[in-house]
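Chemist: Structure supplied as entry.cif; contents: mmCIF, C-alpha atoms.
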```cif
data_final
#
loop_
_atom_site.label_atom_id
_atom_site.label_comp_id
_atom_site.auth_asym_id
_atom_site.auth_seq_id
_atom_site.Cartn_x
_atom_site.Cartn_y
_atom_site.Cartn_z
CA MET R 740 104.59 67.93 117.52
CA LEU R 741 103.85 71.67 117.64
CA ASN R 742 100.57 72.72 116.02
CA PHE R 743 98.62 75.91 115.39
CA LYS R 744 94.85 76.17 115.67
CA ILE R 745 92.80 79.09 114.31
CA SER R 746 89.34 79.50 115.77
CA VAL R 747 86.61 82.05 116.37
CA THR R 748 86.48 83.29 119.95
CA GLU R 749 83.84 85.20 121.88
CA ASP R 750 86.43 86.16 124.51
CA TYR R 751 87.45 89.62 123.28
CA GLU R 752 88.71 90.57 126.75
CA LYS R 753 91.32 87.79 126.54
CA LEU R 754 92.67 89.28 123.31
CA VAL R 755 93.21 92.83 124.59
CA PRO R 756 96.23 92.03 126.82
CA PHE R 757 97.75 90.06 123.93
CA PHE R 758 97.34 93.06 121.62
CA ILE R 759 98.93 95.38 124.19
CA GLU R 760 101.86 92.96 124.73
CA ASN R 761 102.44 93.09 120.97
CA GLY R 762 102.57 96.87 120.68
CA LEU R 763 98.96 97.81 119.94
CA GLU R 764 97.37 100.58 121.96
CA PHE R 765 93.92 100.34 123.44
CA SER R 766 91.81 103.06 124.95
CA ASP R 767 88.44 102.98 126.63
CA GLU R 768 87.81 106.44 125.19
CA GLU R 769 86.80 105.60 121.63
CA PRO R 770 85.47 108.49 119.53
CA VAL R 771 82.45 106.48 118.34
CA PRO R 772 80.87 103.20 119.46
CA THR R 773 82.47 100.01 118.20
CA ASP R 774 80.38 96.98 117.33
CA LEU R 775 82.35 93.73 117.41
CA VAL R 776 81.64 91.55 114.39
CA LYS R 777 83.95 88.56 114.92
CA CYS R 778 87.18 87.70 116.72
CA TRP R 779 89.70 85.03 115.81
CA GLN R 780 92.56 83.59 117.79
CA ILE R 781 95.52 81.43 116.94
CA VAL R 782 96.86 79.15 119.64
CA LYS R 783 99.82 76.81 119.58
CA GLY R 784 100.27 73.67 121.57
CA GLU R 785 101.29 70.07 121.54
CA MET R 786 98.95 67.70 119.72
CA ASP R 787 97.14 65.34 122.09
CA GLU R 788 96.43 62.43 119.74
CA SER R 789 94.11 60.70 122.21
CA ALA R 790 91.79 63.70 122.50
CA ASP R 791 92.36 65.07 118.97
CA SER R 792 93.06 68.50 120.46
CA LEU R 793 95.92 70.72 121.59
CA LYS R 794 97.26 70.69 125.11
CA GLY R 795 99.17 73.52 126.74
CA GLU R 796 97.58 76.09 124.43
CA GLU R 797 99.28 79.48 124.16
CA LEU R 798 97.78 82.48 122.37
CA ILE R 799 100.11 83.55 119.54
CA GLY R 800 97.82 85.52 117.21
CA ALA R 801 94.54 87.43 117.22
CA PHE R 802 92.28 89.47 114.95
CA VAL R 803 89.20 91.58 115.64
CA LEU R 804 86.78 92.66 112.92
CA ALA R 805 84.44 95.43 114.01
CA ARG R 806 82.20 98.18 112.68
CA ARG R 807 82.26 101.88 113.43
CA GLU R 808 79.66 104.17 111.92
CA GLY R 809 78.65 101.37 109.55
CA GLU R 810 82.18 100.84 108.21
CA PHE R 811 84.17 97.64 108.71
CA ILE R 812 87.45 98.11 110.55
CA VAL R 813 90.33 95.96 111.66
CA ASP R 814 90.11 96.76 115.36
CA GLY R 815 93.17 94.70 116.22
CA ILE R 816 95.59 92.30 114.57
CA ALA R 817 98.76 90.88 116.06
CA VAL R 818 100.98 87.84 115.89
CA ALA R 819 103.71 87.12 118.43
CA PRO R 820 107.06 88.09 116.82
CA GLU R 821 108.55 84.59 116.80
CA TYR R 822 105.59 83.28 114.74
CA ARG R 823 105.35 86.01 112.11
CA LYS R 824 107.43 83.99 109.64
CA PHE R 825 104.55 81.51 109.32
CA LYS R 826 102.31 84.11 107.56
CA LEU R 827 99.73 83.87 110.33
CA GLY R 828 98.97 87.60 110.12
CA LYS R 829 98.04 87.24 106.48
CA THR R 830 95.85 84.25 107.32
CA LEU R 831 94.02 86.22 110.03
CA LEU R 832 93.60 89.26 107.80
CA ASN R 833 92.15 87.12 105.01
CA ARG R 834 89.62 85.62 107.44
CA GLY R 835 88.49 89.12 108.42
CA ILE R 836 88.26 90.30 104.82
CA GLU R 837 86.25 87.20 103.84
CA GLU R 838 83.84 87.80 106.73
CA ALA R 839 83.37 91.47 105.82
CA LEU R 840 82.66 90.50 102.21
CA LYS R 841 80.20 87.83 103.34
CA LEU R 842 78.36 90.51 105.33
CA GLY R 843 78.15 92.82 102.33
CA GLY R 844 81.22 94.96 103.04
CA LYS R 845 82.64 97.04 100.21
CA ARG R 846 85.69 98.34 102.07
CA ILE R 847 87.61 97.89 105.29
CA TYR R 848 89.66 100.46 107.20
CA LEU R 849 92.50 100.14 109.69
CA VAL R 850 95.16 102.15 111.42
CA ALA R 851 98.54 100.63 110.61
CA ARG R 852 101.70 100.81 112.64
CA ALA R 853 103.21 98.38 110.07
CA PRO R 854 101.84 99.83 106.82
CA GLU R 855 104.13 97.83 104.53
CA PHE R 856 102.50 94.57 105.64
CA PHE R 857 99.07 95.93 104.75
CA ARG R 858 100.24 97.47 101.46
CA LYS R 859 101.32 93.99 100.38
CA GLN R 860 97.74 92.85 101.05
CA GLY R 861 96.22 95.56 98.83
CA PHE R 862 95.53 98.33 101.37
CA VAL R 863 96.30 101.93 100.44
CA THR R 864 97.02 104.90 102.68
CA VAL R 865 94.17 107.36 103.04
CA SER R 866 94.91 111.04 103.69
CA ARG R 867 93.67 112.43 107.00
CA GLU R 868 91.19 114.59 105.09
CA ASP R 869 89.69 111.54 103.36
CA ALA R 870 89.79 109.25 106.39
CA PRO R 871 86.83 108.68 108.68
CA GLU R 872 87.17 110.49 111.99
CA PHE R 873 86.40 107.43 114.04
CA PHE R 874 89.96 106.45 114.93
CA GLU R 875 91.28 107.63 118.26
CA CYS R 876 94.85 108.20 117.01
CA LEU R 877 94.36 111.91 116.43
CA THR R 878 93.67 112.48 120.13
CA CYS R 879 96.47 110.22 121.40
CA PRO R 880 99.41 112.06 123.05
CA GLN R 881 101.90 109.74 121.26
CA TYR R 882 100.48 110.53 117.81
CA GLY R 883 103.11 112.12 115.58
CA LYS R 884 105.77 111.88 118.30
CA GLU R 885 106.46 108.24 119.17
CA CYS R 886 103.82 106.74 116.90
CA HIS R 887 103.31 107.45 113.19
CA PRO R 888 100.38 105.26 112.09
CA GLU R 889 98.68 105.42 108.71
CA VAL R 890 94.95 105.13 108.14
CA MET R 891 94.56 102.57 105.38
CA LEU R 892 91.72 101.29 103.24
CA LEU R 893 91.05 98.17 101.23
CA GLN R 894 88.37 98.47 98.55
CA MET R 895 86.83 95.03 98.19
#
```
With the file now loaded, output its structure as structure tokens.
Modeler:
Amino acid sequence: MLNFKISVTEDYEKLVPFFIENGLEFSDEEPVPTDLVKCWQIVKGEMDESADSLKGEELIGAFVLARREGEFIVDGIAVAPEYRKFKLGKTLLNRGIEEALKLGGKRIYLVARAPEFFRKQGFVTVSREDAPEFFECLTCPQYGKECHPEVMLLQM
């Protein structure tokens, strides 16, 4: 039987290639330092009843909650396309929001390439003038040409 397992991971470096494979862009040239808060992963695999664990685990979803200049941000969220129908992205996002709230967060920012998904979760688009200048999109050569992301905010 196929199963999903959501867990916290300390292995951020394992998540980056997954994010890139799923259309997210990563740069080593961030405009301000990023402090990782917590990372989650979702793996799928076959249930090994004898060990009460999954065997043949495959990464199918990931989420990174971080802080920049004291603000909480979604620094990465992705689910493999064939698993998006299981609402795993919403589950990951809710985990990140709950963690930010637990740590005293009042709002959380993100840069959305799929803004409709985030709008359904209560995020609103923030104008460039009102957005923090800690997202690297504005300096990216694809910005406004091949990529049209929106800075979004959730007031919690």
Chemist: When you look at Phe758 of chain R with a cut-off of 8 Å (counting only C-alpha atoms), what residues show up, excluding the ones that are within fewer than 4 positions of it in the same chain? I need them as a list in words.
Modeler: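 So the residues in contact are Leu754, Gly762, Leu763, Glu764, Ala801, Gly815, Ile816 and Ala817 of chain R.
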Chemist: Choose the residue, out of R:Asn742, R:Glu868, R:Lys859, R:Ile847, that has the smallest atom-to-atom separation from Met891 of chain R; count only C-alpha atoms.
Modeler: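 Nearest to Met891 of chain R: R:Ile847.
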Chemist: Since I can't run it myself right now, could you work out what the PyMOL selection byres ((chain R and resi 802) around 12) selects here and report it as a ChimeraX atom specification?
Modeler: /R:745-751,753-755,757-758,763,775-781,798-801,803-805,812-818,827-836,838,849
Chemist: Would you mind reading off the distance between atom CA of Arg823 of chain R and atom CA of Lys783 of chain R, one decimal, in Å?
Modeler: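 Value for the atom CA of Arg823 of chain R-atom CA of Lys783 of chain R distance: 13.1 Å.
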Chemist: Would you mind reading off the distance between atom CA of Val863 of chain R and atom CA of Gly843 of chain R, one decimal, in Å?
Modeler: 20.4 Å
Chemist: Quick one, how far is atom CA of Glu872 of chain R from atom CA of Ala819 of chain R?
Modeler: 29.3 Å
Chemist: Taking only C-alpha atoms into account, name the residue in R:Glu785, R:Asp869, R:Glu837, R:Asp774 that is nearest to Arg806 of chain R.
Modeler: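 Among R:Glu785, R:Asp869, R:Glu837, R:Asp774, it is R:Asp774 that comes nearest to Arg806 of chain R.
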Chemist: For Asn761 of chain R, which residue out of R:Glu821, R:Gly861, R:Pro871, R:Phe811 is the nearest one, using only C-alpha atoms?
Modeler: R:Glu821
Chemist: Working from the structure I just supplied, which lacks atoms in segment 827-846 of chain R, can you model N, CA and C atoms there and output them as a short mmCIF file (atom, residue, chain, number, x, y, z; two decimals), in the frame of the given file?
Modeler:
```
data_model
loop_
_atom_site.label_atom_id
_atom_site.label_comp_id
_atom_site.auth_asym_id
_atom_site.auth_seq_id
_atom_site.Cartn_x
_atom_site.Cartn_y
_atom_site.Cartn_z
N LEU R 827 100.97 83.96 109.57
CA LEU R 827 99.73 83.87 110.33
C LEU R 827 98.94 85.18 110.29
N GLY R 828 99.64 86.31 110.22
CA GLY R 828 98.97 87.60 110.12
C GLY R 828 98.16 87.70 108.84
N LYS R 829 98.75 87.24 107.76
CA LYS R 829 98.04 87.24 106.48
C LYS R 829 96.82 86.33 106.54
N THR R 830 96.97 85.19 107.17
CA THR R 830 95.85 84.25 107.32
C THR R 830 94.71 84.90 108.12
N LEU R 831 95.04 85.54 109.23
CA LEU R 831 94.02 86.22 110.03
C LEU R 831 93.35 87.35 109.25
N LEU R 832 94.14 88.15 108.57
CA LEU R 832 93.60 89.26 107.80
C LEU R 832 92.64 88.75 106.73
N ASN R 833 93.02 87.69 106.05
CA ASN R 833 92.15 87.12 105.01
C ASN R 833 90.83 86.63 105.60
N ARG R 834 90.87 86.06 106.79
CA ARG R 834 89.62 85.62 107.44
C ARG R 834 88.70 86.82 107.68
N GLY R 835 89.28 87.92 108.16
CA GLY R 835 88.49 89.12 108.42
C GLY R 835 87.92 89.72 107.15
N ILE R 836 88.72 89.76 106.10
CA ILE R 836 88.26 90.30 104.82
C ILE R 836 87.13 89.43 104.27
N GLU R 837 87.30 88.12 104.32
CA GLU R 837 86.25 87.20 103.84
C GLU R 837 84.95 87.40 104.61
N GLU R 838 85.04 87.59 105.92
CA GLU R 838 83.84 87.80 106.73
C GLU R 838 83.16 89.12 106.37
N ALA R 839 83.94 90.17 106.20
CA ALA R 839 83.37 91.47 105.82
C ALA R 839 82.66 91.37 104.47
N LEU R 840 83.28 90.69 103.52
CA LEU R 840 82.66 90.50 102.21
C LEU R 840 81.35 89.71 102.33
N LYS R 841 81.38 88.66 103.13
CA LYS R 841 80.20 87.83 103.34
C LYS R 841 79.04 88.65 103.91
N LEU R 842 79.38 89.67 104.71
CA LEU R 842 78.36 90.51 105.33
C LEU R 842 78.03 91.74 104.49
N GLY R 843 78.50 91.74 103.24
CA GLY R 843 78.15 92.82 102.33
C GLY R 843 79.09 94.01 102.33
N GLY R 844 80.25 93.86 102.98
CA GLY R 844 81.22 94.96 103.04
C GLY R 844 81.80 95.29 101.68
N LYS R 845 82.03 96.56 101.46
CA LYS R 845 82.64 97.04 100.21
C LYS R 845 84.06 97.56 100.44
N ARG R 846 84.35 97.84 101.72
CA ARG R 846 85.69 98.34 102.07
C ARG R 846 85.94 98.04 103.55
#
```
